[in-house]
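I have placed the structure first, in the form of structure tokens, so that the comments after it can refer back to it.
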Amino acid sequence: MKKILLLIQLVYAATCLFAQAPIPYGPVPTKAQLNWHEIEMYCIIHYGVDTYTDKEWGFGDESPKLINPSDFNAMQIVNAAKTGGFKGVVVVAKHHDGLCLWPTKTTLHNISQSPWKNGKGDMVRDYQMACSKSNVQLGLYCSPWDRNNLLYGKPGYLDIYQKQLKELNGNYGPVFISWHDGANGGTGYYGGEKGERKIDRSTYYNWSETWGIVRALQPGAAIFGDVGPDVRWVGNEEGVAGETCWATYTPEAPTPGAIASNGFSQYWKAVEGTQNGKFWMPAECDVSLRPGWFYHASENNRVKTASELVRLYYNSVGRGANLNLGLSPNPQGQLDLRDVQELEQFGVYIKKTFKNNLLKKAILNPSNIRNGQTALYGSRFLTDSSRYTYWATDDKITTPFITAEFAEQQQFDVIQLRENIKLGQRIRSFSIDILKGNDWMEIAKGTSIGANRLIRLNSKIWASKIRLRITESDACVAVSHFGIYNQPLQPKTPTIRRDKQGFATILADKGQAIYYTLNGDTPNKNSKRYLNKFEFKSGGSIRAVAVDQKGRQSDIVNHDFGHSKLGWAASVSVKKAQTDPGLMIDEQSKSIWNLSFSEADSILPLEITVDMRTAATVRAFTFLPNSTGNAFVDGYQIEGSMDGKKWEKLAAGEFGNIRSNPVEQIVSMRKPREIRFFKFIITHLTGTTSFGICELGIK
């Protein structure tokens, strides 16, 4: 059977060549990039010393002895990703703290120095075996930055880093992607020489030679970096590509957070790519299933719901990019049950949505077929299973249309388009119409298509005639897929809010019943029904579910609240603040207290003092940065007091990765403290111009 299929493919290819197939337009993907596109979704797994220290970035002085999971299970983690529809996993073999999760010969700071498996373990090998058994592709991440290594920032480190890449790419079988993080240089342990090491990341790693190692050992692997060379960072850690997103890109090696002359971050160019760019360099959208990349017990109620993952899917994969979802195994070495459940529900939803392309039962009538060769370039290829068979037009026809006619009306709310990207990205814009009476009515339009384009309509539509119009293209079209789908019905996930007076409100669509719990239990029809807002001043967890009249349940939403800030007062140790300090404690995440970076940087440490009016037992402090700012607080100290005069240091440290992932930060206390006042002291800032704080709070 395989020989027959191969023969058919060879005959098809030869016939296409004879029939003058379209000439590729612009840059085209390599074989490794094609494989990357076909994967569409993969997960990146963060586990290491930070799992045990409650940090996002280790300093480099953490002991390997911390790594001792009681029940590490690579198969459970890989299978959870596969159940969610993810076709690959990227293993963080070494993060910025420098600890290697394989028994490397390059440093003693590795898994062999841990008590796990008596120093005989190899987590990378375990993941490789799990991927092989589960038919999931393996990717590897080895941080260029090493906060443990004495030689980092000096010439001798490059040899160590390159040897680590040789070990990883030479000893663990095929790899689909080699992932190189953009975080480089800064403070660290550095073999006991604590301090700051600065490097020029464009030259220090000798990328042409370093990437050459991966090319030689893993010719089938795409290489990811901030600006390629094969896959670019989309410019945020929110999992979202631009509404227009080109797979082609002309990199400019931007500085994170830098402001371009037009007022937008330079990374906005990475979000959209470059129309007719110099290189085929598609975007990866990375985002974590939890707020942080590593496991934190404080985030157990903040796992993204299946509905949130669906939204991310449409805003990444649906815009021609790939989705890279972060998974965070717990200290025992597995994913928590809630993480697994959300992945499973997401996988089921996506599978149900795209199970049946309704256009397969339609009659498709294109306005033009290349050279009249229906057998080679006809509309039937729009609904087959191949990404690379396609409907094509004559060279001069760049704005064709195709009409789909059904015997009876069809209901749908999702539209999908693909181009045959082996011929480049050609289409600039398109529109979708339905026949309403005797007139065509536009229901959707878009710009870039490339490897994939999904449009999720606001409501379900009935139609018996649908038309795709290509409104602008740089060359004749080569469309490989056209589909319409019907999403499974599901109630909208409720929204939970709390006002400054401490009253909680749960909102859902009209006609839906809401049930909730306050003790962490899973809400269902037997839980307390929500009727009116209720007092929730002391904080805690609210979990809610909406149920429609047919008994269908929404995703379960979780929301953790700290103490109510009613009556709180805030003051700062600088008098040039641009806004009222009270904005930091007003329970409004969109209100921002601002200060220019130059003013703040000159007077650090900067103290923000909060008087809670009454004493409270504090287990954790919360800090929400301004996610749209250009500078961020990355060094802090927190002090507490009962009388506002005698202060006790409660915590100090850094907010690792806050510039790329500016989510709410939770600083947990080792033991609860009874205090009335607290100081949030800014000890270090990163970035340029101004920074802001949205909220400070306690739990």
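Here's how to read the names in the structure tokens: chain A, B, ... by the order shown, residue numbers from 1 in each chain, ligand numbers from 1 in the order shown.
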
Shell of 7 Å around A:Pro64, only C-alpha atoms, local chain residues under 5 positions omitted, as a list in words:
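The filter keeps His109, Asn110, Ile111, Gln113 and Ser114 of chain A.
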
Near A:Gln549, within 10 Å and counting only C-alpha atoms, which residues show up once chain neighbours fewer than 6 positions away are dropped, as a ChimeraX atom specification?
/A:491,511-513

Please provide the set of residues having any atom within 7 Å of stretch 563-568 of chain A, restricted to only C-alpha atoms, with same-chain residues fewer than 4 positions apart removed, written as a ChimeraX atom specification.
/A:500-502,537-539,585,610-613,698-699

How would the residues just picked look written out with N, CA and C atoms as a short mmCIF file (atom, residue, chain, number, x, y, z; two decimals), in the first residue's frame?
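The resulting result34.cif:
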data_model
loop_
_atom_site.label_atom_id
_atom_site.label_comp_id
_atom_site.auth_asym_id
_atom_site.auth_seq_id
_atom_site.Cartn_x
_atom_site.Cartn_y
_atom_site.Cartn_z
N LYS A 500 -14.11 47.31 46.28
CA LYS A 500 -13.24 47.76 47.36
C LYS A 500 -13.90 47.62 48.73
N GLN A 501 -15.23 47.55 48.76
CA GLN A 501 -15.95 47.35 50.02
C GLN A 501 -15.90 45.90 50.48
N GLY A 502 -15.33 45.02 49.63
CA GLY A 502 -15.16 43.62 50.02
C GLY A 502 -16.31 42.72 49.64
N LYS A 537 -14.55 39.89 52.71
CA LYS A 537 -13.49 40.81 53.07
C LYS A 537 -12.18 40.12 53.47
N SER A 538 -12.27 38.95 54.06
CA SER A 538 -11.06 38.28 54.56
C SER A 538 -10.29 37.56 53.46
N GLY A 539 -10.86 37.47 52.30
CA GLY A 539 -10.18 36.83 51.18
C GLY A 539 -10.30 35.32 51.20
N ILE A 585 -3.76 50.52 45.82
CA ILE A 585 -4.53 49.72 46.78
C ILE A 585 -6.03 49.93 46.59
N VAL A 610 2.29 51.01 53.46
CA VAL A 610 0.85 50.80 53.49
C VAL A 610 0.38 50.62 54.92
N ASP A 611 -0.60 51.42 55.32
CA ASP A 611 -1.24 51.29 56.63
C ASP A 611 -2.59 50.61 56.42
N MET A 612 -2.73 49.38 56.94
CA MET A 612 -3.97 48.63 56.76
C MET A 612 -5.02 48.98 57.80
N ARG A 613 -4.70 49.91 58.68
CA ARG A 613 -5.60 50.44 59.72
C ARG A 613 -5.81 49.46 60.88
N ILE A 698 -2.19 41.72 50.35
CA ILE A 698 -1.76 40.64 51.24
C ILE A 698 -2.74 39.48 51.14
N LYS A 699 -2.27 38.31 51.54
CA LYS A 699 -3.12 37.12 51.63
C LYS A 699 -2.90 36.46 52.98
#

Contact residues around A:Glu272 with only C-alpha atoms at 12 Å, ignoring same-chain residues under 2 positions, as an NGL selection string:
:A and (232-236 or 240-251 or 266-270 or 274-277 or 281-285 or 316 or 319-321 or 447-448)

Residues of stretch 436-455 of chain A that approach stretch 307-313 of chain A to 12 Å or less, counting only C-alpha atoms: could you list each one with the shortest pair of atoms and its distance in Å to one decimal, rows by chain and increasing residue number, as a tab-separated table?
residue	atom	partner	partner_atom	distance
A:Asn452	CA	A:Tyr313	CA	11.5
A:Arg453	CA	A:Tyr313	CA	11.1
A:Leu454	CA	A:Tyr313	CA	9.4
A:Ile455	CA	A:Tyr313	CA	11.2

Counting only C-alpha atoms, the option among A:Glu342, A:Glu408, A:Asp580, A:Glu695 closest to A:Gly85
A:Glu342

What are the DSSP alpha helix (DSSP H) residues of stretch 251-443 of chain A, as a PDB file with C-alpha atoms, in the first residue's frame?
ATOM      1  CA  TRP A 268       5.500  44.706  17.889  1.00  0.00           C
ATOM      2  CA  LYS A 269       7.284  43.924  14.627  1.00  0.00           C
ATOM      3  CA  ALA A 270       7.824  40.376  15.853  1.00  0.00           C
ATOM      4  CA  VAL A 271       4.117  40.123  16.740  1.00  0.00           C
ATOM      5  CA  GLU A 272       3.167  40.868  13.133  1.00  0.00           C
ATOM      6  CA  ALA A 306      -9.932  24.994  28.927  1.00  0.00           C
ATOM      7  CA  SER A 307     -11.856  28.004  27.588  1.00  0.00           C
ATOM      8  CA  GLU A 308      -8.838  30.246  28.121  1.00  0.00           C
ATOM      9  CA  LEU A 309      -6.682  27.717  26.255  1.00  0.00           C
ATOM     10  CA  VAL A 310      -9.185  27.696  23.395  1.00  0.00           C
ATOM     11  CA  ARG A 311      -8.915  31.489  23.168  1.00  0.00           C
ATOM     12  CA  LEU A 312      -5.121  31.234  23.096  1.00  0.00           C
ATOM     13  CA  TYR A 313      -5.345  28.574  20.381  1.00  0.00           C
ATOM     14  CA  TYR A 314      -7.305  30.867  18.069  1.00  0.00           C
ATOM     15  CA  ASN A 315      -4.945  33.774  18.805  1.00  0.00           C
ATOM     16  CA  SER A 316      -1.791  31.785  18.044  1.00  0.00           C
ATOM     17  CA  LEU A 337      -4.588  16.914  38.681  1.00  0.00           C
ATOM     18  CA  ARG A 338      -6.169  20.286  37.843  1.00  0.00           C
ATOM     19  CA  ASP A 339      -3.513  20.977  35.193  1.00  0.00           C
ATOM     20  CA  VAL A 340      -4.149  17.558  33.648  1.00  0.00           C
ATOM     21  CA  GLN A 341      -7.921  18.059  33.643  1.00  0.00           C
ATOM     22  CA  GLU A 342      -7.763  21.435  31.889  1.00  0.00           C
ATOM     23  CA  LEU A 343      -5.435  20.014  29.230  1.00  0.00           C
ATOM     24  CA  GLU A 344      -7.793  17.100  28.645  1.00  0.00           C
ATOM     25  CA  GLN A 345     -10.891  19.302  28.374  1.00  0.00           C
ATOM     26  CA  PHE A 346      -9.084  21.607  25.950  1.00  0.00           C
ATOM     27  CA  GLY A 347      -8.040  18.652  23.787  1.00  0.00           C
ATOM     28  CA  VAL A 348     -11.574  17.301  23.677  1.00  0.00           C
ATOM     29  CA  TYR A 349     -12.997  20.699  22.713  1.00  0.00           C
ATOM     30  CA  ILE A 350     -10.552  21.250  19.846  1.00  0.00           C
ATOM     31  CA  LYS A 351     -10.985  17.687  18.593  1.00  0.00           C
ATOM     32  CA  LYS A 352     -14.786  18.019  18.564  1.00  0.00           C
ATOM     33  CA  THR A 353     -14.628  21.392  16.817  1.00  0.00           C
ATOM     34  CA  THR A 374      -8.908  20.442 -12.468  1.00  0.00           C
ATOM     35  CA  ALA A 375      -7.151  17.153 -11.708  1.00  0.00           C
ATOM     36  CA  LEU A 376      -4.037  19.023 -10.586  1.00  0.00           C
ATOM     37  CA  TYR A 377      -5.231  22.303  -9.105  1.00  0.00           C
TER      38      TYR A 377
END

Tell me, as a PyMOL selection string, which residues lie within 10 Å of stretch 361-372 of chain A, counting only C-alpha atoms; anything in the same chain fewer than 6 positions away does not count.
chain A and resi 19-22+378-380+382-383+391-397+399-408+410+464-469+476-478

Enumerate as a VMD selection string all residues of stretch 310-503 of chain A assigned to strand (DSSP E or B) by DSSP on the backbone, naming them with the chain letters and numbers the document uses.
chain A and resid 322 to 327 363 to 366 391 to 392 401 to 419 427 to 436 439 to 446 453 to 473 478 to 485 495 to 498 503

What lies within 7 Å of A:Asn357 using only C-alpha atoms, ignoring chain neighbours under 3 positions off, as a list in words?
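Selected residues are Phe354, Lys360, Gly483, Ile484 and Tyr485 of chain A.
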
Go ahead and dump the residues you just picked, N, CA and C atoms, as a PDB file, in the first residue's frame.
ATOM      1  N   PHE A 354     -13.033  20.452  15.235  1.00  0.00           N
ATOM      2  CA  PHE A 354     -12.479  20.251  13.895  1.00  0.00           C
ATOM      3  C   PHE A 354     -12.647  18.821  13.370  1.00  0.00           C
ATOM      4  N   LYS A 360     -16.985  19.498   3.069  1.00  0.00           N
ATOM      5  CA  LYS A 360     -16.800  18.235   2.350  1.00  0.00           C
ATOM      6  C   LYS A 360     -18.074  17.796   1.642  1.00  0.00           C
ATOM      7  N   GLY A 483     -12.223  25.358   5.139  1.00  0.00           N
ATOM      8  CA  GLY A 483     -13.133  24.579   5.977  1.00  0.00           C
ATOM      9  C   GLY A 483     -14.049  25.464   6.796  1.00  0.00           C
ATOM     10  N   ILE A 484     -15.231  24.953   7.097  1.00  0.00           N
ATOM     11  CA  ILE A 484     -16.118  25.598   8.069  1.00  0.00           C
ATOM     12  C   ILE A 484     -16.517  24.553   9.098  1.00  0.00           C
ATOM     13  N   TYR A 485     -16.632  24.981  10.349  1.00  0.00           N
ATOM     14  CA  TYR A 485     -16.839  24.045  11.452  1.00  0.00           C
ATOM     15  C   TYR A 485     -17.851  24.611  12.438  1.00  0.00           C
TER      16      TYR A 485
END

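The gap separating atom CA of A:Glu62 from atom CA of A:Trp211 is 29.1 Å, in Å to one decimal.
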